[in-house]
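What's in model09.cif: mmCIF, C-alpha atoms; chains and numbers go by the auth columns
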```
data_upload
#
loop_
_atom_site.group_PDB
_atom_site.id
_atom_site.type_symbol
_atom_site.label_atom_id
_atom_site.label_comp_id
_atom_site.label_asym_id
_atom_site.label_seq_id
_atom_site.Cartn_x
_atom_site.Cartn_y
_atom_site.Cartn_z
_atom_site.B_iso_or_equiv
_atom_site.auth_seq_id
_atom_site.auth_asym_id
ATOM 1 C CA SER A 1 58.649 31.747 8.990 0.00 1 A
ATOM 2 C CA GLY A 2 57.670 31.931 5.319 0.00 2 A
ATOM 3 C CA THR A 3 58.177 34.497 2.620 0.00 3 A
ATOM 4 C CA VAL A 4 55.795 37.184 1.401 0.00 4 A
ATOM 5 C CA SER A 5 55.115 38.728 -2.009 0.00 5 A
ATOM 6 C CA MET A 6 52.314 40.771 -3.545 0.00 6 A
ATOM 7 C CA ASN A 7 50.291 40.226 -6.714 0.00 7 A
ATOM 8 C CA LYS A 8 51.069 43.797 -7.855 0.00 8 A
ATOM 9 C CA THR A 9 54.049 46.061 -7.240 0.00 9 A
ATOM 10 C CA SER A 10 52.457 49.126 -8.853 0.00 10 A
ATOM 11 C CA GLU A 11 48.893 50.090 -9.728 0.00 11 A
ATOM 12 C CA ARG A 12 46.996 52.973 -11.344 0.00 12 A
ATOM 13 C CA ILE A 13 43.482 53.574 -10.026 0.00 13 A
ATOM 14 C CA ALA A 14 40.970 56.273 -10.954 0.00 14 A
ATOM 15 C CA VAL A 15 39.347 58.337 -8.217 0.00 15 A
ATOM 16 C CA GLY A 16 36.430 56.433 -6.748 0.00 16 A
ATOM 17 C CA ARG A 17 37.561 53.036 -8.046 0.00 17 A
ATOM 18 C CA THR A 18 39.035 50.100 -6.148 0.00 18 A
ATOM 19 C CA SER A 19 41.742 47.514 -6.686 0.00 19 A
ATOM 20 C CA GLN A 20 42.297 44.223 -4.882 0.00 20 A
ATOM 21 C CA LEU A 21 45.821 43.516 -3.638 0.00 21 A
ATOM 22 C CA LEU A 22 46.846 40.070 -2.453 0.00 22 A
ATOM 23 C CA ALA A 23 49.693 39.238 -0.069 0.00 23 A
ATOM 24 C CA LEU A 24 51.042 35.812 -0.939 0.00 24 A
ATOM 25 C CA THR A 25 52.145 34.280 2.346 0.00 25 A
ATOM 26 C CA ASP A 26 51.156 31.686 4.931 0.00 26 A
ATOM 27 C CA GLU A 27 51.318 34.294 7.725 0.00 27 A
ATOM 28 C CA THR A 28 48.781 36.745 9.075 0.00 28 A
ATOM 29 C CA VAL A 29 49.057 40.115 7.303 0.00 29 A
ATOM 30 C CA THR A 30 48.221 43.678 8.321 0.00 30 A
ATOM 31 C CA TRP A 31 47.749 46.407 5.707 0.00 31 A
ATOM 32 C CA ARG A 32 48.434 50.141 5.781 0.00 32 A
ATOM 33 C CA SER A 33 48.571 53.113 3.422 0.00 33 A
ATOM 34 C CA SER A 34 51.257 55.785 3.486 0.00 34 A
ATOM 35 C CA ASN A 35 48.660 58.424 2.584 0.00 35 A
ATOM 36 C CA ASN A 36 45.015 57.803 3.455 0.00 36 A
ATOM 37 C CA ASN A 37 44.071 61.091 1.782 0.00 37 A
ATOM 38 C CA VAL A 38 45.064 59.553 -1.557 0.00 38 A
ATOM 39 C CA ALA A 39 44.262 55.872 -1.113 0.00 39 A
ATOM 40 C CA THR A 40 42.951 53.757 1.726 0.00 40 A
ATOM 41 C CA VAL A 41 43.302 50.012 2.229 0.00 41 A
ATOM 42 C CA ASP A 42 41.229 47.669 4.361 0.00 42 A
ATOM 43 C CA GLN A 43 42.500 44.577 6.162 0.00 43 A
ATOM 44 C CA ASN A 44 41.548 42.407 3.177 0.00 44 A
ATOM 45 C CA GLY A 45 43.889 44.363 0.877 0.00 45 A
ATOM 46 C CA LEU A 46 41.125 46.259 -0.971 0.00 46 A
ATOM 47 C CA VAL A 47 42.477 49.650 -2.036 0.00 47 A
ATOM 48 C CA THR A 48 40.094 52.583 -2.574 0.00 48 A
ATOM 49 C CA ALA A 49 41.251 55.633 -4.539 0.00 49 A
ATOM 50 C CA VAL A 50 40.284 58.883 -2.795 0.00 50 A
ATOM 51 C CA THR A 51 42.033 61.791 -4.524 0.00 51 A
ATOM 52 C CA GLU A 52 44.710 62.237 -7.184 0.00 52 A
ATOM 53 C CA GLY A 53 48.243 61.584 -5.959 0.00 53 A
ATOM 54 C CA ASN A 54 50.562 58.792 -4.878 0.00 54 A
ATOM 55 C CA ALA A 55 50.551 56.394 -1.967 0.00 55 A
ATOM 56 C CA THR A 56 52.388 53.255 -0.957 0.00 56 A
ATOM 57 C CA ILE A 57 50.379 50.295 0.255 0.00 57 A
ATOM 58 C CA THR A 58 52.277 48.004 2.634 0.00 58 A
ATOM 59 C CA ALA A 59 51.469 44.473 3.705 0.00 59 A
ATOM 60 C CA ARG A 60 53.315 43.377 6.884 0.00 60 A
ATOM 61 C CA THR A 61 53.465 39.798 8.115 0.00 61 A
ATOM 62 C CA ALA A 62 53.330 38.739 11.752 0.00 62 A
ATOM 63 C CA SER A 63 57.061 37.988 11.599 0.00 63 A
ATOM 64 C CA GLY A 64 57.850 41.518 10.389 0.00 64 A
ATOM 65 C CA LYS A 65 58.388 40.968 6.656 0.00 65 A
ATOM 66 C CA GLU A 66 56.988 43.694 4.412 0.00 66 A
ATOM 67 C CA VAL A 67 56.044 44.021 0.756 0.00 67 A
ATOM 68 C CA THR A 68 54.724 47.134 -0.968 0.00 68 A
ATOM 69 C CA CYS A 69 52.724 48.364 -3.928 0.00 69 A
ATOM 70 C CA ASP A 70 53.105 51.896 -5.320 0.00 70 A
ATOM 71 C CA VAL A 71 49.656 53.305 -6.117 0.00 71 A
ATOM 72 C CA THR A 72 49.009 56.250 -8.423 0.00 72 A
ATOM 73 C CA VAL A 73 45.513 57.721 -8.245 0.00 73 A
ATOM 74 C CA THR A 74 44.381 59.448 -11.431 0.00 74 A
ATOM 75 C CA GLU A 75 41.445 61.647 -12.369 0.00 75 A
ATOM 76 C CA ALA A 76 38.282 59.743 -13.272 0.00 76 A
ATOM 77 C CA VAL A 77 37.378 59.759 -16.984 0.00 77 A
ATOM 78 C CA HIS A 78 33.711 58.889 -17.322 0.00 78 A
ATOM 79 C CA ILE A 79 31.918 57.306 -20.262 0.00 79 A
ATOM 80 C CA SER A 80 30.086 59.966 -22.289 0.00 80 A
ATOM 81 C CA GLU A 81 28.714 57.918 -25.186 0.00 81 A
ATOM 82 C CA VAL A 82 27.907 54.327 -26.109 0.00 82 A
ATOM 83 C CA TYR A 83 26.504 53.218 -29.464 0.00 83 A
ATOM 84 C CA LEU A 84 26.236 50.236 -31.790 0.00 84 A
ATOM 85 C CA LYS A 85 27.574 50.532 -35.331 0.00 85 A
ATOM 86 C CA LYS A 86 24.377 48.806 -36.489 0.00 86 A
ATOM 87 C CA THR A 87 20.978 49.557 -34.955 0.00 87 A
ATOM 88 C CA THR A 88 19.070 47.342 -37.384 0.00 88 A
ATOM 89 C CA LEU A 89 20.134 43.985 -38.760 0.00 89 A
ATOM 90 C CA GLU A 90 18.648 41.612 -41.322 0.00 90 A
ATOM 91 C CA MET A 91 19.826 38.023 -41.129 0.00 91 A
ATOM 92 C CA LYS A 92 19.087 34.696 -42.714 0.00 92 A
ATOM 93 C CA ASN A 93 18.199 31.859 -40.391 0.00 93 A
ATOM 94 C CA ARG A 94 21.135 29.773 -39.134 0.00 94 A
ATOM 95 C CA THR A 95 23.701 32.542 -39.731 0.00 95 A
ATOM 96 C CA SER A 96 25.741 34.604 -37.283 0.00 96 A
ATOM 97 C CA GLU A 97 26.990 38.172 -37.177 0.00 97 A
ATOM 98 C CA THR A 98 28.941 40.121 -34.568 0.00 98 A
ATOM 99 C CA LEU A 99 27.729 43.547 -33.490 0.00 99 A
ATOM 100 C CA GLU A 100 30.352 46.220 -32.852 0.00 100 A
ATOM 101 C CA ILE A 101 29.948 48.514 -29.873 0.00 101 A
ATOM 102 C CA VAL A 102 31.741 51.851 -29.445 0.00 102 A
ATOM 103 C CA ILE A 103 32.471 53.313 -26.013 0.00 103 A
ATOM 104 C CA ASN A 104 33.666 56.920 -25.781 0.00 104 A
ATOM 105 C CA PRO A 105 36.067 58.122 -24.623 0.00 105 A
ATOM 106 C CA ALA A 106 38.247 55.106 -25.329 0.00 106 A
ATOM 107 C CA ASP A 107 40.471 55.888 -22.329 0.00 107 A
ATOM 108 C CA THR A 108 37.599 55.950 -19.831 0.00 108 A
ATOM 109 C CA THR A 109 38.413 54.762 -16.357 0.00 109 A
ATOM 110 C CA ASP A 110 34.843 53.480 -15.906 0.00 110 A
ATOM 111 C CA ASP A 111 34.029 49.795 -16.139 0.00 111 A
ATOM 112 C CA LYS A 112 33.657 48.984 -19.862 0.00 112 A
ATOM 113 C CA THR A 113 32.088 45.555 -19.366 0.00 113 A
ATOM 114 C CA VAL A 114 29.291 44.976 -21.887 0.00 114 A
ATOM 115 C CA THR A 115 26.286 42.830 -20.973 0.00 115 A
ATOM 116 C CA TRP A 116 24.434 41.476 -24.013 0.00 116 A
ATOM 117 C CA SER A 117 20.912 40.039 -24.111 0.00 117 A
ATOM 118 C CA SER A 118 18.155 39.027 -26.537 0.00 118 A
ATOM 119 C CA ASN A 119 14.468 39.544 -25.838 0.00 119 A
ATOM 120 C CA ASP A 120 13.559 36.410 -27.841 0.00 120 A
ATOM 121 C CA GLU A 121 16.085 33.584 -27.953 0.00 121 A
ATOM 122 C CA HIS A 122 13.782 31.552 -30.200 0.00 122 A
ATOM 123 C CA VAL A 123 14.644 34.106 -32.901 0.00 123 A
ATOM 124 C CA VAL A 124 18.218 35.127 -32.048 0.00 124 A
ATOM 125 C CA THR A 125 20.733 34.476 -29.314 0.00 125 A
ATOM 126 C CA VAL A 126 23.724 36.663 -28.449 0.00 126 A
ATOM 127 C CA ASN A 127 26.896 35.752 -26.578 0.00 127 A
ATOM 128 C CA GLN A 128 28.974 38.050 -24.402 0.00 128 A
ATOM 129 C CA SER A 129 31.202 38.933 -27.365 0.00 129 A
ATOM 130 C CA GLY A 130 28.214 40.420 -29.193 0.00 130 A
ATOM 131 C CA THR A 131 27.887 37.588 -31.735 0.00 131 A
ATOM 132 C CA VAL A 132 24.253 37.225 -32.793 0.00 132 A
ATOM 133 C CA THR A 133 23.059 33.824 -34.033 0.00 133 A
ATOM 134 C CA ALA A 134 19.764 33.416 -35.864 0.00 134 A
ATOM 135 C CA LYS A 135 17.681 30.541 -34.487 0.00 135 A
ATOM 136 C CA GLY A 136 14.301 31.068 -36.160 0.00 136 A
ATOM 137 C CA GLU A 137 12.410 33.439 -38.420 0.00 137 A
ATOM 138 C CA GLY A 138 10.936 36.527 -36.786 0.00 138 A
ATOM 139 C CA GLN A 139 11.965 39.744 -35.053 0.00 139 A
ATOM 140 C CA ALA A 140 13.898 40.350 -31.859 0.00 140 A
ATOM 141 C CA THR A 141 15.848 43.069 -30.097 0.00 141 A
ATOM 142 C CA ILE A 142 19.456 42.765 -28.970 0.00 142 A
ATOM 143 C CA THR A 143 20.359 44.925 -25.974 0.00 143 A
ATOM 144 C CA ALA A 144 23.852 45.936 -24.892 0.00 144 A
ATOM 145 C CA GLN A 145 24.348 47.547 -21.490 0.00 145 A
ATOM 146 C CA VAL A 146 27.465 49.369 -20.294 0.00 146 A
ATOM 147 C CA GLY A 147 27.047 50.897 -16.859 0.00 147 A
ATOM 148 C CA ASN A 148 24.018 53.197 -17.086 0.00 148 A
ATOM 149 C CA PHE A 149 24.072 53.207 -20.894 0.00 149 A
ATOM 150 C CA THR A 150 21.717 50.929 -22.845 0.00 150 A
ATOM 151 C CA VAL A 151 21.716 50.561 -26.645 0.00 151 A
ATOM 152 C CA THR A 152 19.697 48.256 -28.894 0.00 152 A
ATOM 153 C CA CYS A 153 19.684 46.644 -32.322 0.00 153 A
ATOM 154 C CA ASP A 154 16.456 45.453 -33.970 0.00 154 A
ATOM 155 C CA VAL A 155 17.001 42.137 -35.757 0.00 155 A
ATOM 156 C CA THR A 156 14.844 40.591 -38.461 0.00 156 A
ATOM 157 C CA VAL A 157 15.507 36.948 -39.321 0.00 157 A
ATOM 158 C CA GLY A 158 14.369 35.618 -42.680 0.00 158 A
ATOM 159 C CA PRO A 159 14.415 32.136 -44.233 0.00 159 A
ATOM 160 C CA ALA A 160 17.670 30.196 -44.342 0.00 160 A
ATOM 161 C CA ALA A 161 19.834 30.602 -47.416 0.00 161 A
ATOM 162 C CA THR A 162 19.122 28.388 -50.394 0.00 162 A
ATOM 163 C CA VAL A 163 21.757 26.116 -51.878 0.00 163 A
ATOM 164 C CA GLU A 164 22.245 28.557 -54.753 0.00 164 A
ATOM 165 C CA GLU A 165 22.784 31.452 -52.354 0.00 165 A
ATOM 166 C CA MET A 166 25.335 29.485 -50.350 0.00 166 A
ATOM 167 C CA VAL A 167 27.225 28.569 -53.507 0.00 167 A
ATOM 168 C CA SER A 168 27.225 32.067 -54.977 0.00 168 A
ATOM 169 C CA SER A 169 27.898 34.028 -51.779 0.00 169 A
ATOM 170 C CA ASN A 170 31.445 34.738 -50.717 0.00 170 A
ATOM 171 C CA LYS A 171 30.092 35.182 -47.176 0.00 171 A
ATOM 172 C CA TYR A 172 29.187 31.496 -46.848 0.00 172 A
ATOM 173 C CA ASN A 173 32.339 30.283 -48.563 0.00 173 A
ATOM 174 C CA LEU A 174 34.467 32.500 -46.316 0.00 174 A
ATOM 175 C CA ALA A 175 32.656 31.163 -43.241 0.00 175 A
ATOM 176 C CA LEU A 176 33.543 27.644 -44.367 0.00 176 A
ATOM 177 C CA ARG A 177 37.140 28.800 -44.980 0.00 177 A
ATOM 178 C CA LYS A 178 37.147 26.862 -48.236 0.00 178 A
ATOM 179 C CA ASP A 179 37.420 27.619 -51.911 0.00 179 A
ATOM 180 C CA THR A 180 34.220 26.977 -53.817 0.00 180 A
ATOM 181 C CA VAL A 181 34.214 23.761 -55.848 0.00 181 A
ATOM 182 C CA VAL A 182 30.729 23.065 -57.189 0.00 182 A
ATOM 183 C CA TYR A 183 29.221 20.060 -58.926 0.00 183 A
ATOM 184 C CA SER A 184 25.523 20.097 -59.811 0.00 184 A
ATOM 185 C CA THR A 185 23.095 17.458 -60.918 0.00 185 A
ATOM 186 C CA ILE A 186 19.342 16.904 -61.119 0.00 186 A
ATOM 187 C CA TRP A 187 18.147 13.494 -59.978 0.00 187 A
ATOM 188 C CA SER A 188 14.415 12.764 -60.148 0.00 188 A
ATOM 189 C CA ASN A 189 12.750 15.835 -58.587 0.00 189 A
ATOM 190 C CA CYS A 190 15.741 16.709 -56.430 0.00 190 A
ATOM 191 C CA ARG A 191 18.561 19.058 -57.392 0.00 191 A
ATOM 192 C CA CYS A 192 21.822 18.259 -55.624 0.00 192 A
ATOM 193 C CA ILE A 193 24.929 20.408 -55.408 0.00 193 A
ATOM 194 C CA CYS A 194 28.265 19.262 -54.035 0.00 194 A
ATOM 195 C CA LEU A 195 30.055 22.166 -52.366 0.00 195 A
ATOM 196 C CA ASN A 196 33.571 20.973 -51.642 0.00 196 A
ATOM 197 C CA SER A 197 32.822 17.630 -49.957 0.00 197 A
ATOM 198 C CA THR A 198 29.316 18.466 -48.669 0.00 198 A
ATOM 199 C CA ILE A 199 26.162 17.623 -50.624 0.00 199 A
ATOM 200 C CA TYR A 200 23.148 19.971 -50.452 0.00 200 A
ATOM 201 C CA CYS A 201 19.807 19.015 -51.999 0.00 201 A
ATOM 202 C CA ASN A 202 16.645 20.977 -52.844 0.00 202 A
ATOM 203 C CA PHE A 203 13.382 19.439 -53.987 0.00 203 A
ATOM 204 C CA ILE A 204 12.070 20.835 -57.261 0.00 204 A
ATOM 205 C CA ASN A 205 8.349 21.440 -57.625 0.00 205 A
ATOM 206 C CA ARG A 206 7.177 20.211 -61.029 0.00 206 A
#
```
Please go through the file and, once you have read it, give me the structure as structure tokens.
Amino acid sequence: SGTVSMNKTSERIAVGRTSQLLALTDETVTWRSSNNNVATVDQNGLVTAVTEGNATITARTASGKEVTCDVTVTEAVHISEVYLKKTTLEMKNRTSETLEIVINPADTTDDKTVTWSSNDEHVVTVNQSGTVTAKGEGQATITAQVGNFTVTCDVTVGPAATVEEMVSSNKYNLALRKDTVVYSTIWSNCRCICLNSTIYCNFINR
């Protein structure tokens, strides 16, 4: 017969939460808890925290081998506040900015997963790290949801930066991770600027 091990040897779970244990073996396994008043376990290894205290979860193979996980059940600490550090944002087209979200208390035992969305992806998109990318001029709302909490940021996207703004702004140079080296010339009705090794041109209305 084979060996058996478990994916966790100890685990802390808040009251009302669950944790999945896995018995690594090629044999059939039965599960039991040393204290069902503290934590229960089903025959798939899913542990449910009932009340504060300690319990040992045991997985036993058909050949009699056992492996255990010591479970500590703690008091639940629920989220009391969620907010964005910015509730309005002005951006230039084709730029990105990351929104910062604050979840209090920081040591909550609730699920802190943030789900981000944009109500108009033609204006701005947002990834699941909260990075907003401007796609077109206009207005849109970014929504972040954590459990039952929902917070928003109103975004206004203006025209893309001009060549002069890109050259003079530390923000663009930092994004490129390059020092600014600028060469400028006017050719016909077109002004061209070489920023590092990239050439940007603007037409000049005469």
Q) Hey, what comes out of the PyMOL selection byres ((chain A and resi 29-45) around 7) on this file? Could you write it as a PyMOL selection string? A) chain A and resi 20-22+27-28+46-62+73
Store the residues of this selection in a file with C-alpha atoms, as an mmCIF file, in the coordinates of the input.
```cif
data_model
loop_
_atom_site.group_PDB
_atom_site.id
_atom_site.type_symbol
_atom_site.label_atom_id
_atom_site.label_comp_id
_atom_site.auth_asym_id
_atom_site.auth_seq_id
_atom_site.Cartn_x
_atom_site.Cartn_y
_atom_site.Cartn_z
ATOM 1 C CA GLN A 20 42.297 44.223 -4.882
ATOM 2 C CA LEU A 21 45.821 43.516 -3.638
ATOM 3 C CA LEU A 22 46.846 40.070 -2.453
ATOM 4 C CA GLU A 27 51.318 34.294 7.725
ATOM 5 C CA THR A 28 48.781 36.745 9.075
ATOM 6 C CA LEU A 46 41.125 46.259 -0.971
ATOM 7 C CA VAL A 47 42.477 49.650 -2.036
ATOM 8 C CA THR A 48 40.094 52.583 -2.574
ATOM 9 C CA ALA A 49 41.251 55.633 -4.539
ATOM 10 C CA VAL A 50 40.284 58.883 -2.795
ATOM 11 C CA THR A 51 42.033 61.791 -4.524
ATOM 12 C CA GLU A 52 44.710 62.237 -7.184
ATOM 13 C CA GLY A 53 48.243 61.584 -5.959
ATOM 14 C CA ASN A 54 50.562 58.792 -4.878
ATOM 15 C CA ALA A 55 50.551 56.394 -1.967
ATOM 16 C CA THR A 56 52.388 53.255 -0.957
ATOM 17 C CA ILE A 57 50.379 50.295 0.255
ATOM 18 C CA THR A 58 52.277 48.004 2.634
ATOM 19 C CA ALA A 59 51.469 44.473 3.705
ATOM 20 C CA ARG A 60 53.315 43.377 6.884
ATOM 21 C CA THR A 61 53.465 39.798 8.115
ATOM 22 C CA ALA A 62 53.330 38.739 11.752
ATOM 23 C CA VAL A 73 45.513 57.721 -8.245
#
```
**Q.** Pairwise distance for atom CA of Gly158 of chain A and atom CA of Ser129 of chain A, rounded to one decimal in Å
**A.** 23.0 Å
Q) How would you write, as number ranges by chain, the residues chosen by the PyMOL selection byres ((chain A and resi 3) around 9) on this structure? A) A: 1-2, 4-5, 24-27, 61, 65
I need the chosen residues saved as a PDB file, in the coordinates of the input, with C-alpha atoms.
```pdb
ATOM      1  CA  SER A   1      58.649  31.747   8.990  1.00  0.00           C
ATOM      2  CA  GLY A   2      57.670  31.931   5.319  1.00  0.00           C
ATOM      3  CA  VAL A   4      55.795  37.184   1.401  1.00  0.00           C
ATOM      4  CA  SER A   5      55.115  38.728  -2.009  1.00  0.00           C
ATOM      5  CA  LEU A  24      51.042  35.812  -0.939  1.00  0.00           C
ATOM      6  CA  THR A  25      52.145  34.280   2.346  1.00  0.00           C
ATOM      7  CA  ASP A  26      51.156  31.686   4.931  1.00  0.00           C
ATOM      8  CA  GLU A  27      51.318  34.294   7.725  1.00  0.00           C
ATOM      9  CA  THR A  61      53.465  39.798   8.115  1.00  0.00           C
ATOM     10  CA  LYS A  65      58.388  40.968   6.656  1.00  0.00           C
TER      11      LYS A  65
END
```
Name the residues in contact with Thr95 of chain A at a cut-off of 9 Å, using only C-alpha atoms, excluding same-chain residues fewer than 2 positions from it; report them as a compact mmCIF listing (two decimals) with C-alpha atoms, in the frame of the given file.
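And here is the file that came out, selection29.txt:
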```txt
# COMPACT_ATOMS: atom_id res chain seq x y z
CA MET A 91 19.83 38.02 -41.13
CA LYS A 92 19.09 34.70 -42.71
CA ASN A 93 18.20 31.86 -40.39
CA GLU A 97 26.99 38.17 -37.18
CA VAL A 132 24.25 37.22 -32.79
CA THR A 133 23.06 33.82 -34.03
CA ALA A 134 19.76 33.42 -35.86
CA LYS A 135 17.68 30.54 -34.49
CA ALA A 160 17.67 30.20 -44.34
CA ALA A 161 19.83 30.60 -47.42
```
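What separates atom CA of Ser117 of chain A from atom CA of Thr143 of chain A is a distance of 5.3 Å.
For His122 of chain A, the non-local neighbours within 10 Å, defined as residues at least 5 positions apart in the same chain or in other chains and counting all atoms listed in the file, are Ala134, Lys135, Gly136, Glu137, Gly138, Gln139 and Ala140 of chain A.
One distance worth recording is that between atom CA of Thr156 of chain A and atom CA of Glu90 of chain A, which is 4.9 Å.
Between Thr131 of chain A and the candidates A:Ile101, A:Val157, A:Ala76, A:Val151, the tightest atom-to-atom separation, counting all atoms listed in the file, involves A:Ile101.
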Q: With the file shown as input, list the residues that the PyMOL selection byres ((chain A and resi 153) around 6) selects, as JSON, numbers by chain.
A: {"A": [87, 88, 141, 142, 152, 154]}
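The smallest atom-to-atom distance between Ala106 of chain A and any of A:Val155, A:Leu89, A:Val123, A:Ile79, using all atoms listed in the file, is found for A:Ile79.
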Q: Write out as a PyMOL selection string which residues come within 9 Å of Asp111 of chain A when counting only C-alpha atoms, dropping same-chain ones fewer than 3 positions away.
A: chain A and resi 79+108+114+146-147
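Compared by their closest atoms to Thr150 of chain A, and using only C-alpha atoms, the residues A:Asn127, A:Asn119, A:Val82, A:Asn104 rank with A:Val82 nearest.
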